[in-house]
>>> print(open('input.cif').read())   # mmCIF, C-alpha atoms
data_model
loop_
_atom_site.label_atom_id
_atom_site.label_comp_id
_atom_site.auth_asym_id
_atom_site.auth_seq_id
_atom_site.Cartn_x
_atom_site.Cartn_y
_atom_site.Cartn_z
CA MET A 19 74.31 -13.82 -72.72
CA ARG A 20 71.56 -13.40 -70.15
CA HIS A 21 70.79 -16.53 -68.15
CA THR A 22 67.05 -16.63 -68.62
CA ALA A 23 64.78 -19.66 -68.65
CA ILE A 24 65.90 -22.21 -71.24
CA ALA A 25 63.19 -23.96 -73.26
CA MET A 26 63.92 -27.62 -72.60
CA LEU A 27 63.61 -28.80 -76.20
CA THR A 28 66.69 -30.97 -76.04
CA PHE A 29 65.37 -34.08 -77.75
CA VAL A 30 63.32 -32.09 -80.21
CA ALA A 31 66.48 -30.24 -81.16
CA LEU A 32 68.50 -33.42 -81.41
CA SER A 33 65.88 -34.94 -83.69
CA LEU A 34 65.84 -31.89 -85.94
CA ALA A 35 69.59 -31.87 -86.17
CA CYS A 36 70.02 -35.48 -87.22
CA VAL A 37 67.26 -36.08 -89.77
CA PRO A 38 67.22 -35.08 -93.44
CA SER A 39 66.27 -31.51 -94.06
CA PRO A 40 62.71 -31.33 -95.39
CA GLY A 41 62.51 -30.07 -98.89
CA THR A 42 59.75 -29.07 -101.25
CA THR A 43 57.87 -32.22 -102.16
CA ASP A 44 54.79 -32.92 -104.22
CA GLU A 45 52.28 -34.29 -101.74
CA GLY A 46 49.61 -34.93 -104.38
CA ASP A 47 49.93 -38.72 -104.19
CA PRO A 48 50.28 -39.81 -100.57
CA ALA A 49 51.51 -43.27 -101.58
CA GLU A 50 54.45 -41.73 -103.45
CA VAL A 51 55.26 -39.08 -100.87
CA ASP A 52 58.94 -38.37 -100.20
CA SER A 53 60.45 -39.50 -96.91
CA SER A 54 61.17 -35.89 -95.96
CA VAL A 55 57.41 -35.28 -95.74
CA ILE A 56 57.13 -38.04 -93.12
CA VAL A 57 60.08 -36.55 -91.21
CA ARG A 58 58.45 -33.14 -91.39
CA GLY A 59 55.18 -34.61 -90.12
CA ASN A 60 57.03 -36.22 -87.24
CA THR A 61 58.51 -32.87 -86.31
CA ARG A 62 55.02 -31.36 -86.28
CA PHE A 63 53.90 -34.24 -84.02
CA ALA A 64 56.86 -33.51 -81.73
CA LEU A 65 55.79 -29.89 -81.34
CA ASP A 66 52.12 -30.85 -80.86
CA LEU A 67 53.09 -33.29 -78.11
CA TYR A 68 55.42 -30.72 -76.54
CA GLU A 69 52.48 -28.31 -76.32
CA ARG A 70 50.42 -30.98 -74.55
CA LEU A 71 53.17 -32.06 -72.13
CA LYS A 72 54.54 -28.73 -71.05
CA ALA A 73 53.58 -27.51 -67.59
CA ASP A 74 55.17 -25.20 -65.05
CA GLY A 75 58.35 -27.25 -64.66
CA ASN A 76 61.12 -28.76 -66.77
CA LEU A 77 60.24 -31.12 -69.59
CA LEU A 78 62.17 -33.82 -71.42
CA PHE A 79 60.99 -36.41 -73.92
CA SER A 80 62.13 -38.13 -77.10
CA PRO A 81 59.75 -37.50 -80.01
CA TYR A 82 61.72 -39.98 -82.09
CA SER A 83 61.19 -42.77 -79.56
CA VAL A 84 57.47 -42.07 -79.21
CA SER A 85 56.99 -41.83 -82.98
CA THR A 86 58.86 -45.07 -83.61
CA ALA A 87 56.88 -47.09 -81.07
CA LEU A 88 53.60 -45.70 -82.38
CA ALA A 89 54.67 -46.23 -86.01
CA MET A 90 55.14 -49.94 -85.28
CA THR A 91 51.61 -49.92 -83.84
CA TYR A 92 50.22 -47.89 -86.75
CA VAL A 93 51.27 -50.42 -89.41
CA GLY A 94 48.94 -52.93 -87.74
CA ALA A 95 45.98 -50.54 -87.63
CA ARG A 96 43.22 -50.36 -90.20
CA GLY A 97 40.24 -48.17 -91.07
CA GLU A 98 39.47 -45.14 -88.93
CA THR A 99 42.01 -46.26 -86.31
CA GLU A 100 44.74 -46.11 -88.94
CA ARG A 101 43.60 -42.74 -90.29
CA GLN A 102 43.52 -41.12 -86.85
CA MET A 103 46.97 -42.44 -85.97
CA ALA A 104 48.40 -41.27 -89.29
CA ASP A 105 46.88 -37.81 -88.87
CA VAL A 106 48.31 -37.34 -85.35
CA LEU A 107 51.73 -38.78 -86.21
CA GLY A 108 52.04 -36.64 -89.32
CA PHE A 109 51.91 -39.49 -91.85
CA PRO A 110 50.14 -39.18 -95.20
CA VAL A 111 46.53 -40.37 -95.15
CA ALA A 112 44.75 -42.29 -97.88
CA ASP A 113 41.48 -40.81 -99.11
CA PRO A 114 38.67 -43.15 -97.91
CA ALA A 115 36.66 -42.19 -101.00
CA GLU A 116 39.22 -43.73 -103.36
CA GLU A 117 38.29 -47.01 -105.00
CA ASP A 118 41.77 -48.41 -104.33
CA GLN A 119 41.90 -46.89 -100.85
CA GLU A 120 43.31 -50.03 -99.19
CA GLU A 121 45.99 -50.37 -101.86
CA THR A 122 47.00 -46.75 -101.31
CA ALA A 123 46.96 -47.18 -97.51
CA SER A 124 49.16 -50.26 -97.85
CA ALA A 125 51.64 -48.30 -99.98
CA ILE A 126 51.72 -45.52 -97.38
CA ARG A 127 52.35 -48.01 -94.56
CA ASP A 128 55.22 -49.43 -96.58
CA ARG A 129 56.64 -45.94 -97.18
CA VAL A 130 56.37 -45.03 -93.50
CA ALA A 131 58.11 -48.23 -92.43
CA ALA A 132 60.81 -47.78 -95.07
CA THR A 133 61.43 -44.24 -93.83
CA PHE A 134 61.88 -45.37 -90.24
CA ALA A 135 64.19 -48.16 -91.38
CA SER A 136 66.28 -45.64 -93.32
CA LEU A 137 66.36 -43.22 -90.39
CA GLU A 138 67.48 -45.91 -87.97
CA ASP A 139 70.27 -47.00 -90.32
CA GLY A 140 71.39 -43.39 -90.68
CA LEU A 141 71.20 -42.62 -86.97
CA SER A 142 73.11 -45.62 -85.65
CA ALA A 143 76.64 -44.57 -84.76
CA ASP A 144 79.63 -45.50 -82.67
CA PRO A 145 82.61 -43.37 -81.57
CA ASP A 146 85.04 -45.07 -83.95
CA THR A 147 83.09 -44.10 -87.07
CA ARG A 148 80.99 -41.06 -86.15
CA GLY A 149 82.61 -39.66 -83.00
CA TYR A 150 79.60 -40.41 -80.76
CA SER A 151 77.36 -43.31 -79.72
CA LEU A 152 73.75 -43.44 -80.86
CA HIS A 153 71.81 -46.68 -80.72
CA VAL A 154 68.14 -47.42 -81.39
CA ALA A 155 66.45 -50.73 -80.57
CA ASN A 156 62.91 -52.02 -81.12
CA SER A 157 61.15 -55.15 -79.93
CA LEU A 158 57.77 -56.86 -79.79
CA TRP A 159 56.61 -58.80 -76.74
CA GLY A 160 53.60 -60.92 -77.61
CA HIS A 161 51.55 -63.39 -75.59
CA LEU A 162 52.71 -66.86 -76.55
CA ASP A 163 49.24 -68.25 -77.38
CA TYR A 164 47.85 -65.28 -79.33
CA PRO A 165 47.33 -65.70 -83.11
CA PHE A 166 49.26 -62.72 -84.49
CA LEU A 167 49.32 -62.46 -88.26
CA GLU A 168 52.62 -63.78 -89.57
CA SER A 169 52.63 -60.96 -92.15
CA PHE A 170 52.60 -58.34 -89.36
CA ILE A 171 55.36 -60.04 -87.37
CA GLU A 172 57.55 -60.38 -90.46
CA PHE A 173 56.88 -56.81 -91.64
CA VAL A 174 57.72 -55.18 -88.30
CA GLY A 175 60.66 -57.52 -87.78
CA GLU A 176 62.13 -56.64 -91.17
CA ARG A 177 61.40 -52.90 -91.38
CA PHE A 178 61.81 -51.92 -87.71
CA ASP A 179 64.31 -54.63 -86.77
CA ALA A 180 61.87 -55.59 -84.01
CA PRO A 181 61.92 -59.32 -83.25
CA LEU A 182 58.96 -60.95 -81.50
CA THR A 183 59.70 -62.38 -78.06
CA PRO A 184 56.97 -64.71 -76.75
CA VAL A 185 56.01 -64.05 -73.12
CA ASP A 186 53.24 -65.36 -70.87
CA PHE A 187 51.13 -62.41 -69.77
CA VAL A 188 48.36 -64.69 -68.48
CA ARG A 189 50.33 -66.69 -65.94
CA ASP A 190 53.21 -64.32 -65.26
CA ALA A 191 52.45 -60.72 -66.22
CA GLU A 192 54.84 -59.43 -63.55
CA GLY A 193 57.65 -61.63 -64.84
CA ALA A 194 57.01 -60.32 -68.36
CA ARG A 195 57.11 -56.76 -67.06
CA ARG A 196 60.47 -57.34 -65.39
CA ARG A 197 61.83 -58.93 -68.54
CA ILE A 198 60.75 -56.02 -70.76
CA ASN A 199 62.10 -53.46 -68.30
CA LYS A 200 65.41 -55.35 -68.19
CA TRP A 201 65.63 -55.19 -71.98
CA VAL A 202 65.08 -51.41 -71.84
CA GLU A 203 67.71 -50.99 -69.10
CA GLU A 204 70.32 -52.92 -71.06
CA ARG A 205 69.75 -50.89 -74.23
CA THR A 206 69.88 -47.54 -72.47
CA GLU A 207 73.00 -48.25 -70.41
CA ASP A 208 70.84 -48.50 -67.26
CA LYS A 209 69.60 -44.93 -67.66
CA ILE A 210 65.92 -45.88 -68.11
CA ILE A 211 64.82 -47.99 -65.14
CA ASP A 212 61.30 -49.39 -64.62
CA LEU A 213 59.75 -47.94 -67.77
CA ILE A 214 56.63 -50.03 -67.18
CA PRO A 215 55.35 -49.54 -63.60
CA ALA A 216 54.17 -52.47 -61.50
CA GLY A 217 50.54 -53.41 -62.11
CA THR A 218 50.43 -52.03 -65.67
CA LEU A 219 50.55 -55.43 -67.36
CA THR A 220 47.73 -57.87 -66.64
CA PRO A 221 46.53 -61.24 -67.97
CA ALA A 222 44.60 -59.26 -70.62
CA THR A 223 47.85 -57.75 -71.97
CA THR A 224 48.57 -59.25 -75.38
CA LEU A 225 51.32 -57.19 -77.00
CA VAL A 226 53.90 -54.63 -75.87
CA LEU A 227 55.82 -52.70 -78.54
CA THR A 228 59.01 -51.10 -77.24
CA ASN A 229 61.58 -48.61 -78.47
CA ALA A 230 64.79 -47.61 -76.72
CA ILE A 231 67.26 -44.91 -77.75
CA TYR A 232 70.66 -44.11 -76.23
CA PHE A 233 73.05 -41.27 -77.07
CA LYS A 234 76.44 -40.28 -75.72
CA GLY A 235 78.65 -37.69 -77.36
CA ASN A 236 81.35 -35.21 -76.51
CA TRP A 237 81.13 -31.60 -77.64
CA ALA A 238 83.17 -30.86 -80.75
CA SER A 239 84.61 -28.05 -78.61
CA GLN A 240 84.47 -29.01 -74.95
CA PHE A 241 84.05 -26.65 -72.04
CA ASN A 242 86.97 -26.25 -69.68
CA VAL A 243 85.95 -27.54 -66.24
CA GLU A 244 88.10 -24.83 -64.64
CA ALA A 245 86.00 -22.19 -66.37
CA THR A 246 82.76 -23.44 -64.77
CA ARG A 247 81.52 -21.00 -62.13
CA GLU A 248 78.62 -20.83 -59.73
CA ALA A 249 76.08 -18.41 -61.16
CA GLU A 250 72.44 -17.45 -60.87
CA PHE A 251 69.77 -19.14 -62.97
CA ARG A 252 66.64 -17.03 -62.96
CA GLY A 253 63.90 -19.60 -63.36
CA LEU A 254 60.14 -19.26 -63.55
CA HIS A 255 59.73 -19.99 -59.84
CA GLY A 256 62.74 -18.31 -58.33
CA THR A 257 66.48 -17.85 -58.63
CA ALA A 258 68.91 -20.69 -58.00
CA THR A 259 72.68 -20.94 -57.91
CA VAL A 260 73.92 -23.50 -60.45
CA PRO A 261 77.24 -24.55 -62.04
CA MET A 262 77.46 -22.48 -65.22
CA MET A 263 79.78 -23.70 -67.97
CA ASN A 264 81.56 -20.96 -69.93
CA ARG A 265 83.36 -20.93 -73.25
CA ASN A 266 84.26 -18.56 -76.09
CA GLY A 267 84.30 -20.12 -79.55
CA ASP A 268 82.90 -20.29 -83.06
CA TYR A 269 79.29 -21.49 -83.11
CA ALA A 270 76.40 -21.36 -85.55
CA TYR A 271 74.13 -18.63 -84.20
CA THR A 272 71.19 -16.45 -85.08
CA GLU A 273 68.63 -14.31 -83.30
CA ASN A 274 65.22 -12.85 -83.97
CA GLU A 275 62.58 -10.95 -82.04
CA GLU A 276 61.68 -13.96 -79.89
CA ALA A 277 64.98 -15.69 -79.19
CA GLN A 278 68.68 -16.27 -79.51
CA ILE A 279 69.38 -19.61 -81.19
CA LEU A 280 72.65 -21.49 -80.74
CA GLU A 281 73.81 -24.72 -82.36
CA MET A 282 76.39 -26.73 -80.38
CA PRO A 283 77.80 -29.66 -82.41
CA TYR A 284 79.10 -32.92 -80.99
CA GLU A 285 82.22 -34.69 -82.22
CA GLY A 286 81.72 -35.82 -85.77
CA GLU A 287 79.62 -32.71 -86.51
CA ASP A 288 76.60 -34.81 -87.60
CA LEU A 289 74.61 -34.28 -84.41
CA SER A 290 74.15 -31.13 -82.39
CA MET A 291 72.17 -29.58 -79.57
CA ILE A 292 70.18 -26.51 -80.47
CA VAL A 293 69.26 -24.15 -77.64
CA PHE A 294 66.41 -21.65 -78.01
CA LEU A 295 66.85 -18.83 -75.47
CA PRO A 296 63.96 -16.35 -75.09
CA LYS A 297 65.03 -12.72 -75.30
CA VAL A 298 62.46 -11.66 -72.71
CA GLU A 299 62.96 -13.11 -69.25
CA GLY A 300 60.41 -15.10 -67.31
CA ALA A 301 57.14 -16.73 -68.31
CA VAL A 302 56.25 -14.01 -70.82
CA GLY A 303 59.34 -14.63 -72.93
CA LEU A 304 59.13 -18.41 -72.71
CA GLU A 305 55.45 -18.47 -73.67
CA ALA A 306 56.07 -16.13 -76.61
CA LEU A 307 58.87 -18.41 -77.84
CA GLU A 308 56.73 -21.51 -77.48
CA ARG A 309 53.92 -19.92 -79.47
CA SER A 310 56.42 -19.35 -82.27
CA LEU A 311 57.61 -22.95 -82.37
CA THR A 312 56.22 -24.19 -85.68
CA VAL A 313 57.84 -26.42 -88.25
CA GLU A 314 58.00 -23.50 -90.67
CA ASN A 315 59.63 -21.13 -88.15
CA ILE A 316 62.15 -23.72 -87.01
CA ASP A 317 63.12 -24.42 -90.62
CA ALA A 318 63.65 -20.71 -91.19
CA TRP A 319 65.58 -20.20 -87.95
CA LEU A 320 67.92 -23.12 -88.60
CA ALA A 321 68.50 -21.92 -92.16
CA ALA A 322 69.56 -18.54 -90.72
CA LEU A 323 72.29 -20.01 -88.50
CA ARG A 324 75.72 -18.59 -89.28
CA LYS A 325 79.06 -19.28 -87.61
CA ARG A 326 80.53 -16.50 -85.53
CA GLU A 327 82.46 -16.10 -82.30
CA ILE A 328 80.10 -16.45 -79.35
CA SER A 329 80.58 -16.22 -75.60
CA VAL A 330 78.54 -19.18 -74.35
CA SER A 331 77.31 -19.79 -70.81
CA LEU A 332 75.25 -22.94 -70.35
CA PRO A 333 74.18 -24.55 -67.07
CA ARG A 334 75.41 -28.03 -66.26
CA PHE A 335 72.31 -30.11 -65.61
CA LYS A 336 70.84 -33.59 -65.33
CA MET A 337 67.21 -34.67 -65.67
CA ALA A 338 65.74 -38.10 -64.98
CA GLY A 339 62.00 -37.95 -65.35
CA ALA A 340 59.37 -40.37 -64.11
CA THR A 341 57.39 -42.56 -66.48
CA GLN A 342 54.88 -40.44 -68.42
CA GLU A 343 51.50 -41.83 -69.51
CA LEU A 344 50.84 -40.33 -72.95
CA ARG A 345 47.40 -41.89 -73.54
CA ASP A 346 45.26 -38.86 -72.67
CA HIS A 347 47.57 -36.49 -74.55
CA LEU A 348 47.43 -38.59 -77.70
CA LYS A 349 43.64 -38.85 -77.45
CA ALA A 350 43.45 -35.05 -77.11
CA LEU A 351 45.49 -34.72 -80.31
CA GLY A 352 42.96 -36.89 -82.16
CA MET A 353 44.24 -40.46 -81.72
CA VAL A 354 41.01 -41.66 -80.10
CA ARG A 355 39.91 -44.85 -81.82
CA ALA A 356 43.11 -46.78 -81.00
CA PHE A 357 42.28 -46.57 -77.27
CA GLU A 358 38.62 -47.60 -77.56
CA SER A 359 38.26 -51.22 -76.54
CA ARG A 360 35.17 -51.85 -78.68
CA ALA A 361 36.05 -49.71 -81.70
CA ALA A 362 39.82 -50.06 -82.24
CA ASP A 363 40.77 -51.82 -85.46
CA PHE A 364 44.12 -53.59 -85.40
CA THR A 365 43.20 -56.33 -87.84
CA GLY A 366 46.57 -55.78 -89.48
CA MET A 367 48.00 -57.54 -86.41
CA SER A 368 45.42 -60.28 -85.99
CA GLU A 369 42.23 -61.39 -87.69
CA ILE A 370 40.58 -61.39 -84.28
CA ARG A 371 39.33 -57.84 -83.76
CA ASP A 372 39.91 -57.66 -80.00
CA LEU A 373 43.10 -55.59 -79.63
CA PHE A 374 43.27 -51.99 -78.41
CA VAL A 375 45.97 -49.73 -76.97
CA SER A 376 45.69 -49.44 -73.20
CA ASN A 377 48.86 -47.46 -72.39
CA VAL A 378 51.61 -45.46 -74.09
CA LEU A 379 54.43 -45.12 -71.57
CA HIS A 380 57.52 -42.94 -71.99
CA LYS A 381 60.59 -42.12 -69.93
CA ALA A 382 63.66 -40.01 -70.68
CA TYR A 383 67.04 -39.08 -69.17
CA ILE A 384 69.71 -36.51 -69.99
CA GLU A 385 72.96 -35.22 -68.50
CA VAL A 386 74.77 -32.22 -69.94
CA ASN A 387 78.25 -31.36 -68.67
CA GLU A 388 81.58 -29.93 -69.79
CA GLU A 389 82.48 -33.03 -71.83
CA GLY A 390 79.22 -33.43 -73.70
CA THR A 391 75.83 -35.09 -73.36
CA GLU A 392 74.46 -38.48 -72.38
CA ALA A 393 70.78 -39.09 -73.07
CA ALA A 394 68.38 -42.01 -73.22
CA ALA A 395 64.67 -42.63 -73.65
CA ALA A 396 62.24 -45.50 -74.06
CA THR A 397 58.62 -45.93 -75.08
CA ALA A 398 56.24 -48.84 -74.57
CA VAL A 399 52.88 -49.23 -76.33
CA VAL A 400 50.81 -51.69 -74.30
CA MET A 401 47.98 -53.51 -76.08
CA LYS A 402 45.27 -55.57 -74.43
CA ARG A 403 42.36 -57.74 -75.48
CA THR A 404 38.83 -56.44 -75.24
CA ALA A 405 37.40 -59.70 -73.94
CA MET A 406 40.18 -62.09 -73.20
CA SER A 407 39.41 -65.72 -74.04
CA PRO A 408 39.62 -67.90 -70.91
CA VAL A 409 42.79 -69.95 -70.73
CA PHE A 410 42.24 -73.57 -69.62
CA ARG A 411 45.56 -75.30 -69.07
CA ALA A 412 45.17 -78.61 -67.15
CA ASP A 413 48.76 -78.70 -65.91
CA ARG A 414 47.92 -79.48 -62.24
CA PRO A 415 45.67 -81.96 -60.37
CA PHE A 416 42.03 -81.86 -61.41
CA VAL A 417 38.65 -83.61 -60.96
CA PHE A 418 36.64 -84.96 -63.89
CA MET A 419 33.37 -86.66 -64.60
CA LEU A 420 31.62 -88.35 -67.48
CA ARG A 421 27.99 -87.30 -67.47
CA ASP A 422 24.99 -88.25 -69.58
CA GLY A 423 23.47 -85.04 -70.83
CA VAL A 424 19.99 -86.50 -71.35
CA THR A 425 19.40 -88.06 -67.94
CA GLY A 426 21.94 -86.11 -65.92
CA SER A 427 23.49 -89.32 -64.70
CA VAL A 428 27.12 -89.17 -63.65
CA LEU A 429 28.65 -92.22 -65.24
CA PHE A 430 32.22 -91.77 -64.10
CA LEU A 431 33.82 -89.48 -61.54
CA GLY A 432 37.48 -89.22 -60.74
CA ARG A 433 40.52 -87.09 -60.28
CA ILE A 434 44.05 -86.85 -61.65
CA THR A 435 46.77 -86.05 -59.14
CA ASP A 436 49.86 -87.39 -60.93
CA LEU A 437 50.77 -88.37 -64.47
CA GLY A 438 53.72 -90.12 -66.05
CA GLU A 439 55.33 -93.42 -65.48
#
>>> encode(input="input.cif", output="structure tokens")
Amino acid sequence: MRHTAIAMLTFVALSLACVPSPGTTDEGDPAEVDSSVIVRGNTRFALDLYERLKADGNLLFSPYSVSTALAMTYVGARGETERQMADVLGFPVADPAEEDQEETASAIRDRVAATFASLEDGLSADPDTRGYSLHVANSLWGHLDYPFLESFIEFVGERFDAPLTPVDFVRDAEGARRRINKWVEERTEDKIIDLIPAGTLTPATTLVLTNAIYFKGNWASQFNVEATREAEFRGLHGTATVPMMNRNGDYAYTENEEAQILEMPYEGEDLSMIVFLPKVEGAVGLEALERSLTVENIDAWLAALRKREISVSLPRFKMAGATQELRDHLKALGMVRAFESRAADFTGMSEIRDLFVSNVLHKAYIEVNEEGTEAAAATAVVMKRTAMSPVFRADRPFVFMLRDGVTGSVLFLGRITDLGE
């Protein structure tokens, strides 16, 4: 096998390998749409976001993490904000011309949330039962004085298993940031550090919705460390010498005009890495492959996989990316209204129409070696208030006066320096 540039679709491939296979579904009634349609839409969103994020260098992200965090946000959106989010995320959209449009939209939100709940239940795994570890966690971090709708908190808590943790963004935004980042670190085995950079959260921050995902699995057929050799990797910007893992074995494999496609299962056989290797070296081959990455083509390619003996050479690698701000990419895909401070509609979260999304932050990590793969990712959707109500908390010494409003006379003037007995 020629060691050409590898399309870094690791998390896309993992997502495709562990979700139900999309089937033919009647999409006539969006409220009754099958869960596989939502999964298929999420895969399309993954490829759309990949197209936006790719640059000259390596790329790693978790479409599942981003979709989950945004899905929790979506169920609190209404009107055009909701429709734009649904369209970008690949969810069914209610027809605004329908008389029972809100009833249909509510049914779709329920279906979307039920699908994510089902996926999370199906994905969760530990080595004793599935042969690998895969854990997903969600959480809400809301300002302690903000009037969130109880229906929203209960709905997200039940369907996404995302409890609400009260924090004080007004008086201690930095402390809240450290607390949220600590939660992410603990749920990703310390692989995702400082998801939310310093200065991101401010007194105007009202809600942060977080998702964390962690995976660790051994190959069903491990590489022999002694067979790893130094070899050339001919990248887009030059040739490098890297540790190349080597193994002969039975793998599901297919090829077409654009690429060779290899499926490498982990222990338990439920989850696998799928590697798409362009047949033509360099940028030309990689770009041709990327142009061919559609949901329909991927479905066809995976259906064509057949087991045969393959001589596999795969580089050992580790990637730990910096926090990515996805806001501009999501706006470019059509999710505009959610980020507009004066136009966003999240009245499904609160009756006060003052919430908007200020940041969508994402960070991912992966290490691939002879034993298997360890990977983690986290996403935070940061929401702020358009015009934050002033907070007046008289919990320190103050001066006061009693004043007659008609004459302007100050009747009493004093101060409080200490209280209590």
>>> closest_atom_pairs(input="input.cif", of="stretch 220-259 of chain A", to="stretch 83-92 of chain A", cutoff="9 Å", atoms="only C-alpha atoms", output="tab-separated table")
residue	atom	partner	partner_atom	distance
A:Leu227	CA	A:Ala87	CA	6.2
A:Thr228	CA	A:Ala87	CA	5.9
A:Asn229	CA	A:Ala87	CA	5.6
A:Ala230	CA	A:Ser83	CA	6.7
A:Ile231	CA	A:Ser83	CA	6.7
>>> closest_residue(input="input.cif", among="A:Val298, A:Ala131, A:Ala64, A:Val293", to="A:Gly175", atoms="all atoms listed in the file")
A:Ala131
>>> atom_distance(input="input.cif", atom1="atom CA of A:Asn387", atom2="atom CA of A:Pro333")
8.1 Å
>>> closest_residue(input="input.cif", among="A:Met262, A:Ile316, A:Ile210, A:Leu225", to="A:Asp163", atoms="all atoms listed in the file")
A:Leu225
>>> atom_distance(input="input.cif", atom1="atom CA of A:Leu379", atom2="atom CA of A:Glu98")
22.9 Å
>>> decode(input="input.cif", residues="stretch 204-248 of chain A", atoms="C-alpha atoms", output="short mmCIF file (atom, residue, chain, number, x, y, z; two decimals), in the first residue's frame")
data_model
loop_
_atom_site.label_atom_id
_atom_site.label_comp_id
_atom_site.auth_asym_id
_atom_site.auth_seq_id
_atom_site.Cartn_x
_atom_site.Cartn_y
_atom_site.Cartn_z
CA GLU A 204 -12.55 14.62 34.30
CA ARG A 205 -14.88 13.18 31.66
CA THR A 206 -12.20 12.94 28.99
CA GLU A 207 -9.53 11.36 31.19
CA ASP A 208 -7.60 14.67 31.17
CA LYS A 209 -7.23 14.59 27.39
CA ILE A 210 -9.23 17.80 26.78
CA ILE A 211 -7.69 20.62 28.83
CA ASP A 212 -8.91 24.24 28.86
CA LEU A 213 -11.76 23.79 26.39
CA ILE A 214 -13.00 27.29 27.21
CA PRO A 215 -10.15 29.83 26.93
CA ALA A 216 -9.66 32.55 29.54
CA GLY A 217 -11.78 35.64 28.91
CA THR A 218 -14.50 33.80 26.96
CA LEU A 219 -17.04 33.87 29.78
CA THR A 220 -18.18 37.26 31.07
CA PRO A 221 -20.86 38.60 33.43
CA ALA A 222 -23.22 38.55 30.42
CA THR A 223 -22.78 34.77 30.04
CA THR A 224 -26.01 33.06 31.04
CA LEU A 225 -25.81 29.44 29.92
CA VAL A 226 -23.09 27.04 28.77
CA LEU A 227 -24.13 23.70 27.26
CA THR A 228 -21.36 21.11 27.25
CA ASN A 229 -20.74 17.70 25.74
CA ALA A 230 -17.74 15.45 26.35
CA ILE A 231 -16.92 12.15 24.65
CA TYR A 232 -14.13 9.69 25.48
CA PHE A 233 -13.12 6.51 23.66
CA LYS A 234 -10.42 3.94 24.28
CA GLY A 235 -10.25 0.63 22.46
CA ASN A 236 -7.76 -1.97 21.38
CA TRP A 237 -7.66 -3.25 17.82
CA ALA A 238 -9.44 -6.56 17.34
CA SER A 239 -6.16 -7.61 15.72
CA GLN A 240 -3.30 -5.62 17.22
CA PHE A 241 -0.12 -4.61 15.45
CA ASN A 242 3.11 -6.19 16.62
CA VAL A 243 5.36 -3.45 18.04
CA GLU A 244 8.39 -5.31 16.67
CA ALA A 245 6.98 -4.99 13.17
CA THR A 246 6.85 -1.17 13.37
CA ARG A 247 9.53 0.41 11.18
CA GLU A 248 10.68 3.90 10.36
#
